[in-house]
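Below is one structure; the comments refer to it alone.
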Amino acid sequence: MRYKIVTYGCQMNVHESEKIAGLLEGMGGVPCGEGESADVIVFNTCCIRGNAERRALGNIGVVKAEKKKNPDLVIAVVGCMTQQSGTAEMVKERYPYVDIVLGTRNIFDLPSEIEKVRASRAAVKKRSDKRYRAFRTEFAEDYLTLDEAAPVARTSFPNAWVNIIYGCNNFCTYCIVPYVRGRELSRPASAVLDEVKRAVDEGYGEITLLGQNVNSYGHDLAGGESFEKLLREIGRIEGKFRVRFMTSHPKDLTDGVIAAMAESDRIAKNIHLPVQSGSDKVLKDMNRRYTRDRYFSLIEKLRAAMPDIGITTDVMVGFPTETEADFEDTLDLVRRVRFSNAFTFIYSPRKGTPAAAMPQLPYAEKRARIGELIKLQNSITKELSEDYVGGVYEVLAEDVSPKHPGMLCGRTESGRLATFPGEREMIGRFVNVRITEARSASLFGTVEE
Ligand code: 5AD
Ligand code: SF4
């Protein structure tokens, strides 16, 4: 059984696809090679913005031809998109050749659903058995048990993704995630620690702890678990490795977490801290539960504790209540904080969320705002990159450079991407790179022995 997994969306989905790969390999599957035709195709979807959804649907449309050529092909659509109300029905109607649709919390049923589709085809010689499972709206009791037991086929050596908390309780008014990923559910600390230890033993140099809001880790567990405590325990694991984590919510980032980051040389001096907007009014309408002053004070604390910390963010423009003056406040915040990088988004209405029911701004206005924001951030990123030139930084050789043949790429502790000449055999090693050139967000250099 040759399988292909097509992944959309965030790191969480990338890692979930590694789990899906583990499940498929557990039933005898092997990854489909270049030019080979697949027996099973899984689309692991995202619905955070309209274009993520359109991309997935476009590609699900394209496999119709493949299915025609190979009627035995099993096509599954899983992940966030399917969990939205009405979407499973829509897929059933518009893409009738899709065999299996599963929600985010039914994923461990994938092998048995595939077996059922194949068995019914073999038995009745017709191809009508469709598996659209009734979606669980909350995590089932057994979710964590199944999750711990499921094998993971990691695909991104030397980076290991490790889930620490699933779901989100925050309900930012623009965001679909709490509806499709359900309420927060923390993994037991012992399970997280075991997984990190295993990955370090296997030679993974970088561990990224994943959660929609890592800072709320542990509040649902007994025994006073917290993200700070977890970070400190991970910091005591033996071996040469770095830990990153994402995503942090500014309302929950504690002084204790900042101290734990500063005190451990295993925790990378790098944080992704989405601000979304620089206007107090918009932050309130977004239900973010912090002010721009609180955000500035977090930035100050982080930099006071870790002067070289790399801080990245997410910024959204065109939220329904954002005026030109609010947008100016966002530009002002971006100018003052000087993020090493910012992921910028045009607000996209998501059905069923409070903000989608508000009167919307014209698209042209949103476009103009994001253009201005990107231009500002690019100039800041470029200036900050130039500060790296001449310095020597420890970089984990992570991969061959996709754009520069004969070169490798990896990140500095602060999270900046560096490209340097090197052989494939070096992947997984920490090397010292002297930065010789900065091109906007990318740094170039050579390895120093
Ligand atoms: N429209 C645009 N961007 C969004 N994000 C979340 N929901 C939306 C939406 N409806 C952005 C936020 C978040 C990032 C992962 O995606 O900036 O931090
Ligand atoms: Fe969405 Fe807000 Fe939860 Fe992040 S914290 S996943 S933006 S609801």
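By convention here, the chains of the structure tokens are called A, B, ... in the order presented, each chain's residues are numbered starting at 1, and ligands are numbered starting at 1 in the order presented.
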
In segment 307-448 of chain A, what's strand (DSSP E or B) per DSSP? Answer as a short mmCIF file (atom, residue, chain, number, x, y, z; two decimals) with C-alpha atoms, in the first residue's frame?
```cif
data_model
loop_
_atom_site.label_atom_id
_atom_site.label_comp_id
_atom_site.auth_asym_id
_atom_site.auth_seq_id
_atom_site.Cartn_x
_atom_site.Cartn_y
_atom_site.Cartn_z
CA GLY A 310 14.68 36.75 18.33
CA ILE A 311 11.02 37.78 18.53
CA THR A 312 8.59 36.99 15.72
CA THR A 313 4.89 37.72 15.53
CA ASP A 314 1.63 37.40 13.60
CA VAL A 315 -0.15 40.57 12.53
CA MET A 316 -3.57 40.77 10.97
CA VAL A 317 -4.96 43.69 8.99
CA ASN A 341 10.11 38.73 11.36
CA ALA A 342 6.35 39.04 11.14
CA PHE A 343 3.80 36.78 9.49
CA THR A 344 1.20 39.11 8.07
CA PHE A 345 -2.37 38.19 7.20
CA ILE A 346 -5.42 39.78 5.69
CA VAL A 392 29.76 33.76 14.41
CA TYR A 393 26.60 31.89 15.34
CA GLU A 394 25.86 28.32 16.30
CA VAL A 395 23.56 26.86 13.67
CA LEU A 396 21.96 23.42 13.49
CA ALA A 397 22.49 22.11 9.95
CA GLU A 398 18.89 21.23 9.14
CA ASP A 399 18.54 20.56 5.44
CA VAL A 400 19.94 21.07 1.99
CA MET A 407 24.54 24.63 0.32
CA LEU A 408 22.89 23.70 3.60
CA CYS A 409 20.53 25.73 5.71
CA GLY A 410 19.68 25.93 9.37
CA ARG A 411 18.75 28.40 12.06
CA THR A 412 20.63 30.40 14.62
CA LEU A 417 17.75 31.20 8.71
CA ALA A 418 21.39 30.88 7.62
CA THR A 419 22.64 29.31 4.37
CA PHE A 420 26.21 28.02 4.04
CA PRO A 421 28.28 25.62 1.91
CA PHE A 430 25.61 21.98 15.25
CA VAL A 431 28.15 24.11 13.40
CA ASN A 432 29.57 27.58 13.90
CA VAL A 433 28.77 29.81 10.96
CA ARG A 434 30.44 33.13 10.28
CA ILE A 435 27.87 35.36 8.63
CA THR A 436 29.32 37.15 5.63
CA GLU A 437 26.25 38.49 3.90
CA ALA A 438 22.66 39.46 4.68
CA ARG A 439 19.93 39.49 2.06
CA SER A 442 18.30 35.37 4.80
CA LEU A 443 21.81 35.21 6.14
CA PHE A 444 24.73 33.66 4.26
CA GLY A 445 28.02 32.49 5.70
CA THR A 446 30.72 29.86 5.98
CA VAL A 447 31.40 27.16 8.57
CA GLU A 448 34.24 27.82 11.01
#
```

10 Å from ligand 1 is the threshold here; counting only C-alpha atoms and all ligand atoms, which polymer residues fall inside it? Answer as a PDB file with N, CA and C atoms, in the first residue's frame.
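Output file selection_17.pdb follows:
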```pdb
ATOM      1  N   GLY A   9      -1.355  23.994   6.067  1.00  0.00           N
ATOM      2  CA  GLY A   9      -1.503  24.653   7.357  1.00  0.00           C
ATOM      3  C   GLY A   9      -0.261  24.645   8.221  1.00  0.00           C
ATOM      4  N   CYS A  10      -0.495  24.650   9.536  1.00  0.00           N
ATOM      5  CA  CYS A  10       0.540  24.969  10.517  1.00  0.00           C
ATOM      6  C   CYS A  10       1.414  23.755  10.869  1.00  0.00           C
ATOM      7  N   CYS A  47      -8.155  25.330   7.724  1.00  0.00           N
ATOM      8  CA  CYS A  47      -9.237  26.258   7.380  1.00  0.00           C
ATOM      9  C   CYS A  47      -9.067  27.595   8.072  1.00  0.00           C
ATOM     10  N   ILE A  48      -7.817  27.928   8.424  1.00  0.00           N
ATOM     11  CA  ILE A  48      -7.598  29.153   9.201  1.00  0.00           C
ATOM     12  C   ILE A  48      -7.995  30.400   8.415  1.00  0.00           C
ATOM     13  N   ARG A  49      -7.750  30.367   7.096  1.00  0.00           N
ATOM     14  CA  ARG A  49      -8.180  31.462   6.212  1.00  0.00           C
ATOM     15  C   ARG A  49      -8.800  30.860   4.962  1.00  0.00           C
ATOM     16  N   GLY A  50      -9.583  31.686   4.260  1.00  0.00           N
ATOM     17  CA  GLY A  50     -10.269  31.203   3.063  1.00  0.00           C
ATOM     18  C   GLY A  50      -9.331  30.600   2.042  1.00  0.00           C
ATOM     19  N   ASN A  51      -8.143  31.203   1.858  1.00  0.00           N
ATOM     20  CA  ASN A  51      -7.282  30.676   0.782  1.00  0.00           C
ATOM     21  C   ASN A  51      -6.682  29.311   1.116  1.00  0.00           C
ATOM     22  N   CYS A 172     -10.688  33.833  20.244  1.00  0.00           N
ATOM     23  CA  CYS A 172     -10.468  35.125  19.600  1.00  0.00           C
ATOM     24  C   CYS A 172     -11.597  35.241  18.562  1.00  0.00           C
ATOM     25  N   THR A 173     -12.168  36.427  18.406  1.00  0.00           N
ATOM     26  CA  THR A 173     -13.443  36.507  17.664  1.00  0.00           C
ATOM     27  C   THR A 173     -13.306  36.241  16.168  1.00  0.00           C
ATOM     28  N   TYR A 174     -12.068  36.252  15.655  1.00  0.00           N
ATOM     29  CA  TYR A 174     -11.850  36.011  14.217  1.00  0.00           C
ATOM     30  C   TYR A 174     -11.535  34.554  13.928  1.00  0.00           C
ATOM     31  N   CYS A 175     -11.307  33.749  14.961  1.00  0.00           N
ATOM     32  CA  CYS A 175     -10.579  32.485  14.760  1.00  0.00           C
ATOM     33  C   CYS A 175     -11.474  31.242  14.797  1.00  0.00           C
ATOM     34  N   ILE A 176     -11.242  30.347  13.875  1.00  0.00           N
ATOM     35  CA  ILE A 176     -12.033  29.125  13.737  1.00  0.00           C
ATOM     36  C   ILE A 176     -11.458  27.969  14.585  1.00  0.00           C
ATOM     37  N   VAL A 177     -10.197  28.137  15.019  1.00  0.00           N
ATOM     38  CA  VAL A 177      -9.495  27.019  15.672  1.00  0.00           C
ATOM     39  C   VAL A 177     -10.261  26.400  16.853  1.00  0.00           C
ATOM     40  N   GLN A 212      -1.627  25.206  20.476  1.00  0.00           N
ATOM     41  CA  GLN A 212      -2.228  26.453  19.997  1.00  0.00           C
ATOM     42  C   GLN A 212      -1.867  27.576  20.963  1.00  0.00           C
ATOM     43  N   THR A 247       2.554  27.968  19.901  1.00  0.00           N
ATOM     44  CA  THR A 247       2.591  29.418  19.896  1.00  0.00           C
ATOM     45  C   THR A 247       2.317  29.942  21.305  1.00  0.00           C
ATOM     46  N   SER A 248       2.866  31.113  21.624  1.00  0.00           N
ATOM     47  CA  SER A 248       2.620  31.713  22.929  1.00  0.00           C
ATOM     48  C   SER A 248       1.535  32.773  22.798  1.00  0.00           C
ATOM     49  N   HIS A 249       0.664  32.841  23.763  1.00  0.00           N
ATOM     50  CA  HIS A 249      -0.353  33.899  23.785  1.00  0.00           C
ATOM     51  C   HIS A 249       0.106  34.972  24.776  1.00  0.00           C
ATOM     52  N   HIS A 272       7.836  33.144  19.434  1.00  0.00           N
ATOM     53  CA  HIS A 272       6.821  33.615  18.494  1.00  0.00           C
ATOM     54  C   HIS A 272       5.650  34.107  19.344  1.00  0.00           C
ATOM     55  N   LEU A 273       5.400  35.410  19.293  1.00  0.00           N
ATOM     56  CA  LEU A 273       4.414  36.017  20.192  1.00  0.00           C
ATOM     57  C   LEU A 273       3.446  36.867  19.362  1.00  0.00           C
ATOM     58  N   PRO A 274       2.384  36.208  18.856  1.00  0.00           N
ATOM     59  CA  PRO A 274       1.475  36.930  17.953  1.00  0.00           C
ATOM     60  C   PRO A 274       0.807  38.123  18.639  1.00  0.00           C
ATOM     61  N   VAL A 275       0.925  39.291  18.011  1.00  0.00           N
ATOM     62  CA  VAL A 275       0.312  40.496  18.588  1.00  0.00           C
ATOM     63  C   VAL A 275      -1.035  40.788  17.929  1.00  0.00           C
ATOM     64  N   GLN A 276      -1.170  40.444  16.673  1.00  0.00           N
ATOM     65  CA  GLN A 276      -2.392  40.633  15.851  1.00  0.00           C
ATOM     66  C   GLN A 276      -2.684  42.087  15.509  1.00  0.00           C
ATOM     67  N   SER A 277      -2.677  42.987  16.514  1.00  0.00           N
ATOM     68  CA  SER A 277      -2.988  44.386  16.227  1.00  0.00           C
ATOM     69  C   SER A 277      -2.305  45.273  17.255  1.00  0.00           C
ATOM     70  N   THR A 313       6.285  37.476  15.179  1.00  0.00           N
ATOM     71  CA  THR A 313       4.887  37.720  15.532  1.00  0.00           C
ATOM     72  C   THR A 313       3.964  37.419  14.359  1.00  0.00           C
ATOM     73  N   ASP A 314       2.665  37.410  14.644  1.00  0.00           N
ATOM     74  CA  ASP A 314       1.630  37.395  13.601  1.00  0.00           C
ATOM     75  C   ASP A 314       0.895  38.722  13.694  1.00  0.00           C
ATOM     76  N   VAL A 315       0.629  39.330  12.557  1.00  0.00           N
ATOM     77  CA  VAL A 315      -0.145  40.572  12.531  1.00  0.00           C
ATOM     78  C   VAL A 315      -1.257  40.416  11.503  1.00  0.00           C
ATOM     79  N   MET A 316      -2.436  40.878  11.875  1.00  0.00           N
ATOM     80  CA  MET A 316      -3.568  40.771  10.970  1.00  0.00           C
ATOM     81  C   MET A 316      -4.034  42.168  10.613  1.00  0.00           C
ATOM     82  N   VAL A 317      -4.358  42.396   9.358  1.00  0.00           N
ATOM     83  CA  VAL A 317      -4.959  43.686   8.989  1.00  0.00           C
ATOM     84  C   VAL A 317      -6.359  43.437   8.466  1.00  0.00           C
ATOM     85  N   GLY A 318      -7.196  44.477   8.578  1.00  0.00           N
ATOM     86  CA  GLY A 318      -8.530  44.407   7.998  1.00  0.00           C
ATOM     87  C   GLY A 318      -9.555  43.712   8.860  1.00  0.00           C
ATOM     88  N   PHE A 319      -9.275  43.611  10.181  1.00  0.00           N
ATOM     89  CA  PHE A 319     -10.330  43.135  11.084  1.00  0.00           C
ATOM     90  C   PHE A 319     -11.513  44.102  10.916  1.00  0.00           C
ATOM     91  N   ALA A 342       7.782  39.032  10.825  1.00  0.00           N
ATOM     92  CA  ALA A 342       6.350  39.042  11.140  1.00  0.00           C
ATOM     93  C   ALA A 342       5.602  38.301  10.048  1.00  0.00           C
ATOM     94  N   PHE A 343       4.689  37.439  10.458  1.00  0.00           N
ATOM     95  CA  PHE A 343       3.799  36.779   9.494  1.00  0.00           C
ATOM     96  C   PHE A 343       2.553  37.664   9.410  1.00  0.00           C
ATOM     97  N   THR A 344       2.268  38.127   8.213  1.00  0.00           N
ATOM     98  CA  THR A 344       1.198  39.115   8.069  1.00  0.00           C
ATOM     99  C   THR A 344       0.019  38.498   7.330  1.00  0.00           C
ATOM    100  N   PHE A 345      -1.167  38.799   7.787  1.00  0.00           N
ATOM    101  CA  PHE A 345      -2.369  38.187   7.203  1.00  0.00           C
ATOM    102  C   PHE A 345      -3.453  39.224   6.969  1.00  0.00           C
ATOM    103  N   ILE A 346      -4.196  39.003   5.908  1.00  0.00           N
ATOM    104  CA  ILE A 346      -5.417  39.778   5.688  1.00  0.00           C
ATOM    105  C   ILE A 346      -6.542  39.029   6.399  1.00  0.00           C
ATOM    106  N   TYR A 347      -7.302  39.737   7.207  1.00  0.00           N
ATOM    107  CA  TYR A 347      -8.406  39.086   7.915  1.00  0.00           C
ATOM    108  C   TYR A 347      -9.336  38.390   6.915  1.00  0.00           C
ATOM    109  N   SER A 348      -9.671  37.157   7.218  1.00  0.00           N
ATOM    110  CA  SER A 348     -10.532  36.360   6.350  1.00  0.00           C
ATOM    111  C   SER A 348     -11.728  35.887   7.179  1.00  0.00           C
ATOM    112  N   PRO A 349     -12.947  36.286   6.828  1.00  0.00           N
ATOM    113  CA  PRO A 349     -14.102  35.911   7.653  1.00  0.00           C
ATOM    114  C   PRO A 349     -14.289  34.399   7.682  1.00  0.00           C
ATOM    115  N   ARG A 350     -14.453  33.836   8.866  1.00  0.00           N
ATOM    116  CA  ARG A 350     -14.656  32.392   9.033  1.00  0.00           C
ATOM    117  C   ARG A 350     -16.059  32.149   9.552  1.00  0.00           C
ATOM    118  N   LYS A 351     -16.828  31.418   8.776  1.00  0.00           N
ATOM    119  CA  LYS A 351     -18.236  31.187   9.102  1.00  0.00           C
ATOM    120  C   LYS A 351     -18.408  30.654  10.525  1.00  0.00           C
ATOM    121  N   THR A 353     -17.851  32.360  13.311  1.00  0.00           N
ATOM    122  CA  THR A 353     -17.113  33.134  14.318  1.00  0.00           C
ATOM    123  C   THR A 353     -17.790  34.502  14.465  1.00  0.00           C
ATOM    124  N   ALA A 355     -16.689  37.574  14.487  1.00  0.00           N
ATOM    125  CA  ALA A 355     -16.248  38.662  13.600  1.00  0.00           C
ATOM    126  C   ALA A 355     -16.812  38.528  12.188  1.00  0.00           C
ATOM    127  N   ALA A 356     -17.144  37.305  11.793  1.00  0.00           N
ATOM    128  CA  ALA A 356     -17.665  37.104  10.440  1.00  0.00           C
ATOM    129  C   ALA A 356     -19.050  37.722  10.297  1.00  0.00           C
TER     130      ALA A 356
END
```

Fill in: Within 9 Å of Phe108 of chain A using only C-alpha atoms, minus same-chain residues under 5 positions, as a list in words
Ile20, Leu23, Tyr143, Leu146, Asp147 and Ala150 of chain A

Applying 7 Å and only C-alpha atoms, which residues near segment 178-186 of chain A remain after dropping the ones on its own chain fewer than 4 positions away? List them as a compact mmCIF listing (two decimals) with all heavy atoms, in the first residue's frame.
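Output (out.txt):
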```
# COMPACT_ATOMS: atom_id res chain seq x y z
N CYS A 80 -8.58 20.01 9.97
CA CYS A 80 -9.44 21.09 10.48
C CYS A 80 -10.63 21.41 9.59
O CYS A 80 -11.72 21.68 10.07
CB CYS A 80 -8.60 22.35 10.67
SG CYS A 80 -7.44 22.18 12.02
N GLN A 83 -13.89 19.58 9.97
CA GLN A 83 -14.55 19.67 11.28
C GLN A 83 -15.54 20.85 11.34
O GLN A 83 -16.34 20.95 12.25
CB GLN A 83 -13.47 19.82 12.36
CG GLN A 83 -13.94 19.57 13.77
CD GLN A 83 -14.11 18.09 14.08
OE1 GLN A 83 -13.37 17.26 13.59
NE2 GLN A 83 -15.09 17.77 14.90
N GLN A 84 -15.49 21.74 10.34
CA GLN A 84 -16.43 22.88 10.33
C GLN A 84 -17.82 22.39 9.99
O GLN A 84 -17.97 21.47 9.18
CB GLN A 84 -16.03 23.89 9.27
CG GLN A 84 -14.68 24.50 9.48
CD GLN A 84 -14.30 25.37 8.30
OE1 GLN A 84 -14.39 26.57 8.36
NE2 GLN A 84 -13.91 24.75 7.21
N THR A 104 -10.89 16.15 13.21
CA THR A 104 -9.59 16.22 13.89
C THR A 104 -9.48 15.21 15.04
O THR A 104 -8.39 14.81 15.40
CB THR A 104 -9.34 17.62 14.48
OG1 THR A 104 -10.48 18.00 15.26
CG2 THR A 104 -9.14 18.65 13.39
N THR A 137 -17.49 16.11 18.87
CA THR A 137 -17.36 17.56 19.02
C THR A 137 -16.35 17.90 20.11
O THR A 137 -15.82 18.99 20.15
CB THR A 137 -18.71 18.21 19.38
OG1 THR A 137 -19.23 17.50 20.48
CG2 THR A 137 -19.66 18.14 18.21
N GLU A 138 -16.07 16.96 21.00
CA GLU A 138 -15.03 17.18 22.00
C GLU A 138 -14.05 16.03 21.92
O GLU A 138 -14.33 15.01 21.31
CB GLU A 138 -15.64 17.25 23.41
CG GLU A 138 -16.38 18.55 23.67
CD GLU A 138 -15.51 19.78 23.42
OE1 GLU A 138 -14.31 19.74 23.73
OE2 GLU A 138 -16.03 20.77 22.89
N PHE A 139 -12.91 16.19 22.56
CA PHE A 139 -11.99 15.08 22.59
C PHE A 139 -12.66 13.91 23.29
O PHE A 139 -13.25 14.09 24.35
CB PHE A 139 -10.73 15.45 23.37
CG PHE A 139 -9.82 16.33 22.59
CD1 PHE A 139 -9.71 17.68 22.89
CD2 PHE A 139 -9.08 15.82 21.54
CE1 PHE A 139 -8.87 18.49 22.16
CE2 PHE A 139 -8.24 16.63 20.81
CZ PHE A 139 -8.13 17.97 21.12
N ILE A 164 2.33 19.31 23.11
CA ILE A 164 2.17 19.35 24.56
C ILE A 164 0.72 19.61 24.97
O ILE A 164 0.26 19.14 25.98
CB ILE A 164 3.13 20.34 25.26
CG1 ILE A 164 2.87 21.79 24.86
CG2 ILE A 164 4.59 19.96 24.97
CD1 ILE A 164 3.60 22.79 25.76
N ILE A 165 0.01 20.38 24.14
CA ILE A 165 -1.40 20.67 24.45
C ILE A 165 -2.19 20.76 23.15
O ILE A 165 -1.69 21.29 22.16
CB ILE A 165 -1.52 21.95 25.32
CG1 ILE A 165 -2.99 22.27 25.66
CG2 ILE A 165 -0.85 23.16 24.70
CD1 ILE A 165 -3.16 23.34 26.75
N TYR A 166 -3.36 20.17 23.16
CA TYR A 166 -4.25 20.20 21.99
C TYR A 166 -5.38 21.20 22.26
O TYR A 166 -5.77 21.40 23.40
CB TYR A 166 -4.86 18.82 21.76
CG TYR A 166 -3.84 17.76 21.45
CD1 TYR A 166 -3.43 16.85 22.42
CD2 TYR A 166 -3.27 17.67 20.17
CE1 TYR A 166 -2.49 15.87 22.14
CE2 TYR A 166 -2.33 16.69 19.89
CZ TYR A 166 -1.95 15.81 20.86
OH TYR A 166 -1.01 14.84 20.60
N GLY A 167 -5.93 21.76 21.19
CA GLY A 167 -7.13 22.58 21.30
C GLY A 167 -6.86 24.00 21.77
O GLY A 167 -5.71 24.39 22.02
N CYS A 168 -7.93 24.77 21.89
CA CYS A 168 -7.80 26.16 22.32
C CYS A 168 -9.08 26.61 23.01
O CYS A 168 -10.17 26.31 22.54
CB CYS A 168 -7.51 27.06 21.12
SG CYS A 168 -7.35 28.79 21.61
N ASN A 169 -8.92 27.32 24.13
CA ASN A 169 -10.09 27.80 24.89
C ASN A 169 -10.30 29.29 24.71
O ASN A 169 -11.11 29.89 25.40
CB ASN A 169 -9.88 27.56 26.39
CG ASN A 169 -9.96 26.09 26.75
OD1 ASN A 169 -10.18 25.25 25.89
ND2 ASN A 169 -9.77 25.78 28.03
N PHE A 171 -11.07 31.51 22.03
CA PHE A 171 -12.12 32.15 21.23
C PHE A 171 -11.82 33.59 20.86
O PHE A 171 -12.61 34.49 21.16
CB PHE A 171 -13.48 32.04 21.94
CG PHE A 171 -14.01 30.63 21.94
CD1 PHE A 171 -13.78 29.79 23.03
CD2 PHE A 171 -14.70 30.13 20.85
CE1 PHE A 171 -14.25 28.48 23.02
CE2 PHE A 171 -15.17 28.82 20.85
CZ PHE A 171 -14.94 28.00 21.94
N TYR A 217 -0.47 25.37 29.03
CA TYR A 217 -0.18 23.96 29.31
C TYR A 217 -0.39 23.65 30.81
O TYR A 217 0.06 24.42 31.66
CB TYR A 217 1.27 23.59 28.94
CG TYR A 217 1.60 22.18 29.37
CD1 TYR A 217 1.16 21.09 28.63
CD2 TYR A 217 2.28 21.94 30.56
CE1 TYR A 217 1.40 19.79 29.04
CE2 TYR A 217 2.53 20.64 30.99
CZ TYR A 217 2.09 19.58 30.22
OH TYR A 217 2.31 18.29 30.65
N GLY A 218 -1.06 22.55 31.08
CA GLY A 218 -1.10 22.01 32.44
C GLY A 218 -2.27 22.43 33.29
O GLY A 218 -2.53 21.79 34.31
N ASP A 220 -5.24 21.95 33.00
CA ASP A 220 -6.26 20.91 33.08
C ASP A 220 -5.72 19.62 33.68
O ASP A 220 -6.39 18.59 33.69
CB ASP A 220 -6.84 20.64 31.67
CG ASP A 220 -5.76 20.35 30.63
OD1 ASP A 220 -4.60 20.80 30.82
OD2 ASP A 220 -6.05 19.67 29.64
N LEU A 221 -4.47 19.67 34.17
CA LEU A 221 -3.87 18.46 34.77
C LEU A 221 -3.78 18.63 36.28
O LEU A 221 -3.66 19.75 36.78
CB LEU A 221 -2.45 18.24 34.23
CG LEU A 221 -2.29 17.99 32.73
CD1 LEU A 221 -0.81 17.96 32.37
CD2 LEU A 221 -2.96 16.68 32.33
```

Discussion item. If we count only C-alpha atoms and set the cut-off at 10 Å, which residues sit around segment 290-307 of chain A, ignoring sequence neighbours fewer than 4 positions away in its own chain? Please answer as a ChimeraX atom specification.
Written reply: /A:249-255,257-259,261-263,269-271,273-275,277-284,311,329-330,333,336-337,339

Worksheet item: Hey, what's within 8 Å of Asn163 of chain A if we count only C-alpha atoms and toss same-chain stuff fewer than 3 positions away? As a PyMOL selection string, please?
Response: chain A and resi 12+166+187+192+209-211

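Taking atom CA of Ala88 of chain A as the reference point, atom CA of Lys69 of chain A is found at 24.8 Å.
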
Discussion item. Here is a test: counting only C-alpha atoms and all ligand atoms, which residue of A:Ile427, A:Ala56, A:Ala364, A:Met286 is nearest to ligand 2?
Written reply: A:Met286

Discussion item. Just checking: using only C-alpha atoms and all ligand atoms, which residue out of A:Ile309, A:Val214, A:Leu373, A:Val101 ends up closest to ligand 2?
Written reply: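 Using only C-alpha atoms and all ligand atoms, ligand 2 sits closest to A:Val214.
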
Worksheet item: Which of these residues is nearest to Val63 of chain A, using only C-alpha atoms: A:Arg416, A:Lys375, A:Arg232, A:Lys4?
Response: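 With only C-alpha atoms as the atom set, the closest residue is A:Lys4.
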
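Each of A:Val334, A:Ala357, A:Val30, A:Ala65 was checked against Ile380 of chain A using only C-alpha atoms; the smallest atom-to-atom distance is that of A:Val334.
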
Worksheet, complete the sentence: Of A:Tyr204, A:Tyr97, A:Phe327, A:Phe245, the one sitting nearest Asn159 of chain A when using only C-alpha atoms is A:Tyr204

Write out as CSV a residue-level contact list of segment 253-310 of chain A versus segment 233-238 of chain A with cut-off 10 Å: for each qualifying residue the closest pair of atoms and the distance in Å to one decimal, counting only C-alpha atoms, rows sorted by chain and residue number upward.
```
residue,atom,partner,partner_atom,distance
A:Ala260,CA,A:Gly235,CA,8.6
A:Met261,CA,A:Gly235,CA,8.9
A:Glu263,CA,A:Gly235,CA,9.0
A:Ser264,CA,A:Gly235,CA,5.9
A:Asp265,CA,A:Gly235,CA,7.7
A:Arg266,CA,A:Gly235,CA,5.7
A:Ile267,CA,A:Gly235,CA,6.8
```

How would the residues just picked look written out with N, CA, C and O atoms as a PDB file, in the first residue's frame?
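Saved the output as out_37.pdb:
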```pdb
ATOM      1  N   ALA A 260      12.548  30.925  33.056  1.00  0.00           N
ATOM      2  CA  ALA A 260      12.967  29.564  32.689  1.00  0.00           C
ATOM      3  C   ALA A 260      13.713  29.582  31.351  1.00  0.00           C
ATOM      4  O   ALA A 260      14.715  28.882  31.181  1.00  0.00           O
ATOM      5  N   MET A 261      13.230  30.399  30.413  1.00  0.00           N
ATOM      6  CA  MET A 261      13.913  30.515  29.115  1.00  0.00           C
ATOM      7  C   MET A 261      15.326  31.068  29.297  1.00  0.00           C
ATOM      8  O   MET A 261      16.278  30.573  28.715  1.00  0.00           O
ATOM      9  N   GLU A 263      17.222  31.065  31.918  1.00  0.00           N
ATOM     10  CA  GLU A 263      18.140  30.290  32.758  1.00  0.00           C
ATOM     11  C   GLU A 263      18.682  29.036  32.087  1.00  0.00           C
ATOM     12  O   GLU A 263      19.714  28.513  32.502  1.00  0.00           O
ATOM     13  N   SER A 264      17.983  28.539  31.057  1.00  0.00           N
ATOM     14  CA  SER A 264      18.433  27.273  30.485  1.00  0.00           C
ATOM     15  C   SER A 264      19.121  27.486  29.138  1.00  0.00           C
ATOM     16  O   SER A 264      18.562  28.128  28.249  1.00  0.00           O
ATOM     17  N   ASP A 265      20.318  26.915  28.994  1.00  0.00           N
ATOM     18  CA  ASP A 265      20.988  27.077  27.699  1.00  0.00           C
ATOM     19  C   ASP A 265      20.443  26.095  26.667  1.00  0.00           C
ATOM     20  O   ASP A 265      20.847  26.093  25.520  1.00  0.00           O
ATOM     21  N   ARG A 266      19.524  25.244  27.062  1.00  0.00           N
ATOM     22  CA  ARG A 266      18.903  24.330  26.090  1.00  0.00           C
ATOM     23  C   ARG A 266      17.711  24.985  25.413  1.00  0.00           C
ATOM     24  O   ARG A 266      17.270  24.543  24.366  1.00  0.00           O
ATOM     25  N   ILE A 267      17.162  26.014  26.047  1.00  0.00           N
ATOM     26  CA  ILE A 267      15.974  26.657  25.464  1.00  0.00           C
ATOM     27  C   ILE A 267      16.427  27.805  24.567  1.00  0.00           C
ATOM     28  O   ILE A 267      17.128  28.717  25.025  1.00  0.00           O
TER      29      ILE A 267
END
```
